[in-house]
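Notes follow once the structure below has been shown.
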Amino acid sequence: DDAYQAFRDGDYDDAHDLLLACLDMAPDHAGAKALLKRTVQRLNIQNADPLNENELSQPRLIDVPMPSVERQTPDTPKSTALEKPSILPEPFEWVEIPGTAITFDNVFDRIKSGTLQVEPFAITKYPVTNLHYRVFMDAGGYNTRDYWTENGWMTRLREGWIEPRFRNDGNFNSKDNPVVGISWYEAMAFCRWLSETTGEPITLPTTRQWQRTAQGDDRRTYPWGSVPPNETLCNWNNNVGRTTPVQQYPKGISPYGVMDMSGNVFEWCLTGYGTELTRSGRTADQALRGGSWSSINPIALRANNHMVSNPDNWDKSIGFRCVLLP
């Protein structure tokens with residue numbers, strides 16, 4: 001209903017992302033598929049005036065209590081690679097994640113503890129790297145209005161964004177390191193570009209999808225199990241002092257063979273913080289997951305922990321990965 005209303009109101013950006021969320025939960029919904037096709041056709045180009053420098057704000061950490069029973073020895077990761085041609089350079093790979101019901105803890109006023117269904121999807125094995133993001137830039141990603149949400153485009157022009165803010169910093173710009181210094185709006189623009197270029201329904205992961213990938217079936221504390229984070233499992237606690245290549249920590253792999261789910265960079269989610277809504281027009285807080293290279297508290301790296309930041313925030317500890325819907 002919200003998607004149809006947004007479409008009728010001419011808010012095609014909101015309609016687009018609401019429909020993607022609908023198809024995430026109901027992949028065979030014929031009405032949503034038809035409306036999504038019409039919505040994509042209606043998205044048009046807008047303009048505004050550029051300028052200004054962005055202000056940083058650190059992600060805010062929310063302590064989520066863990067269940068008392070934890071799995072001590074995780075099984076061998078169950079990685080199922082999805083064979084699809086890619087326009088992005090290696091390392092790039094889709095990993096299939098089976099659908100199931102997952103348990104969310106009561107950390108939001110508007111979302112109660114309980115069991116939530118997650119439909120099957122695929123997720124990128126690694127966070128988006130600097131080399132991946134360069135392909136988006138070279139394709140005119142910062143100059144193509146169609147790839148941006150309305151608020152994102154207005155913010156890009158106002159702030160004068162033309163590239164990631166740490167692109168020329170040697171600590172963060174190695175080709176296989178995760179791209180950082182990008183806002184939620186830029187992460188969404190990358191996903192929209194990749195979706196349009198490949199013809200596949202690609203977007204950011206919802207918090208449900210992210211947690212499903214990190215926890216598997218056993219509600220583990222961390223993607224690798226219950227062992228507290230250390231320098232062999234992930235990049236955290238300033239033990240390196242910067243981001244690292246996305247393939248560097250194979251011991252920290254998730255139950256489905258997905259890398260860097262905890263540590264290295266926080267990851268933007270499609271979901272608005274505390275709402276489970278995916279409206280692209282929102283300017284309020286967005287959910288972040290995973291912890292980063294600079295996280296000193298292991299709580300930040302827990303698989304069920306929720307972080308929060310403004311969608312126009314960019315930081316050297318924030319990156320993202322993508323999901324592919326059925």
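Residues in the structure tokens are named by chain (A, B, ... in the order shown) and by number from 1 within that chain; ligands are numbered from 1 in the order shown.
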Using 12 Å as the limit and counting only C-alpha atoms, can you tabulate each residue of range 204-259 of chain A that touches range 164-184 of chain A, with its shortest atom-to-atom distance in Å and the two atoms involved, as CSV?
residue,atom,partner,partner_atom,distance
A:Leu204,CA,A:Trp184,CA,9.4
A:Pro205,CA,A:Trp184,CA,12.0
A:Asn235,CA,A:Asn177,CA,11.7
A:Val240,CA,A:Asn171,CA,10.2
A:Gly241,CA,A:Asn171,CA,8.5
A:Arg242,CA,A:Asn171,CA,5.9
A:Thr243,CA,A:Phe172,CA,6.0
A:Thr244,CA,A:Asn177,CA,5.4
A:Pro245,CA,A:Asn177,CA,4.2
A:Val246,CA,A:Asn177,CA,5.8
A:Gln247,CA,A:Asp176,CA,8.2
A:Gln248,CA,A:Asn177,CA,9.6
A:Met259,CA,A:Pro178,CA,11.5
Would you write out those residues with N, CA and C atoms, as a short mmCIF file (atom, residue, chain, number, x, y, z; two decimals), in the first residue's frame?
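Written out: again_38.cif:
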data_model
loop_
_atom_site.label_atom_id
_atom_site.label_comp_id
_atom_site.auth_asym_id
_atom_site.auth_seq_id
_atom_site.Cartn_x
_atom_site.Cartn_y
_atom_site.Cartn_z
N LEU A 204 21.06 -2.31 -1.11
CA LEU A 204 21.75 -2.56 0.15
C LEU A 204 21.01 -3.63 0.93
N PRO A 205 21.69 -4.36 1.81
CA PRO A 205 20.99 -5.35 2.63
C PRO A 205 20.12 -4.70 3.70
N ASN A 235 39.84 -7.20 11.59
CA ASN A 235 40.53 -5.93 11.76
C ASN A 235 39.71 -5.05 12.68
N VAL A 240 45.54 -2.51 13.37
CA VAL A 240 46.27 -2.18 12.15
C VAL A 240 46.33 -0.67 11.96
N GLY A 241 45.28 0.01 12.41
CA GLY A 241 45.25 1.47 12.33
C GLY A 241 44.66 2.02 11.05
N ARG A 242 44.09 1.13 10.23
CA ARG A 242 43.48 1.53 8.96
C ARG A 242 42.70 0.33 8.42
N THR A 243 42.06 0.51 7.27
CA THR A 243 41.38 -0.61 6.64
C THR A 243 42.40 -1.59 6.06
N THR A 244 41.95 -2.80 5.79
CA THR A 244 42.80 -3.86 5.25
C THR A 244 42.10 -4.51 4.06
N PRO A 245 42.83 -5.25 3.21
CA PRO A 245 42.20 -5.93 2.08
C PRO A 245 41.08 -6.86 2.53
N VAL A 246 40.03 -6.94 1.74
CA VAL A 246 38.81 -7.65 2.16
C VAL A 246 39.00 -9.16 2.25
N GLN A 247 40.10 -9.69 1.74
CA GLN A 247 40.37 -11.13 1.81
C GLN A 247 41.35 -11.49 2.92
N GLN A 248 41.70 -10.56 3.77
CA GLN A 248 42.81 -10.75 4.69
C GLN A 248 42.48 -11.63 5.90
N MET A 259 32.90 -12.76 3.89
CA MET A 259 34.07 -12.20 4.56
C MET A 259 33.81 -10.81 5.12
#
As a compact mmCIF listing (two decimals) with C-alpha atoms, in the first residue's frame, please: all residues of range 99-302 of chain A that backbone DSSP puts in strand (DSSP E or B).
# COMPACT_ATOMS: atom_id res chain seq x y z
CA THR A 100 14.50 -18.78 7.23
CA ALA A 101 13.03 -17.15 10.33
CA ILE A 102 15.48 -15.20 12.52
CA THR A 103 15.17 -13.78 16.02
CA PHE A 104 15.51 -10.04 16.57
CA GLY A 114 10.41 -11.91 18.02
CA THR A 115 10.77 -14.09 14.98
CA LEU A 116 10.98 -12.43 11.58
CA GLN A 117 10.97 -14.15 8.21
CA VAL A 118 13.84 -13.64 5.77
CA PHE A 121 18.72 -13.72 -1.32
CA ALA A 122 22.34 -13.40 -2.39
CA ILE A 123 24.95 -11.09 -0.86
CA THR A 124 28.39 -9.98 -1.97
CA THR A 129 36.26 -2.25 -2.65
CA PRO A 178 36.82 -1.49 1.27
CA ILE A 202 20.44 -5.08 -6.47
CA THR A 203 20.31 -2.89 -3.38
CA TYR A 222 30.09 -13.24 16.00
CA GLY A 225 31.40 -18.22 16.45
CA PHE A 266 30.78 -0.58 9.45
CA GLU A 267 28.27 -1.39 6.70
CA TRP A 268 25.31 0.71 5.61
CA CYS A 269 21.93 -1.08 5.55
CA LEU A 270 18.86 -0.29 3.47
CA THR A 271 16.78 -0.19 6.62
CA GLY A 272 16.08 2.98 8.56
CA GLN A 286 20.09 4.77 8.92
CA ALA A 287 21.16 1.43 10.35
CA LEU A 288 24.79 0.33 10.33
CA ARG A 289 26.11 -3.12 11.17
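Of the residues listed (A:Asn238, A:Thr144, A:Ser254, A:Ser195), A:Ser254 shows the shortest atom-to-atom separation from Ser226 in chain A; distances use only C-alpha atoms.
Counting only C-alpha atoms, the residue from A:Pro326, A:Asp312, A:Trp210, A:Phe190 that sits nearest to Arg158 in chain A is A:Asp312.
Distances here use only C-alpha atoms; by that measure, the residue among A:Tyr142, A:Trp153, A:Trp94, A:Tyr133 closest to Gly257 in chain A is A:Trp94.
Distance check against Pro98 in chain A using only C-alpha atoms: of A:Gly152, A:Pro255, A:Gly141, A:Pro127, the minimum falls on A:Pro255.
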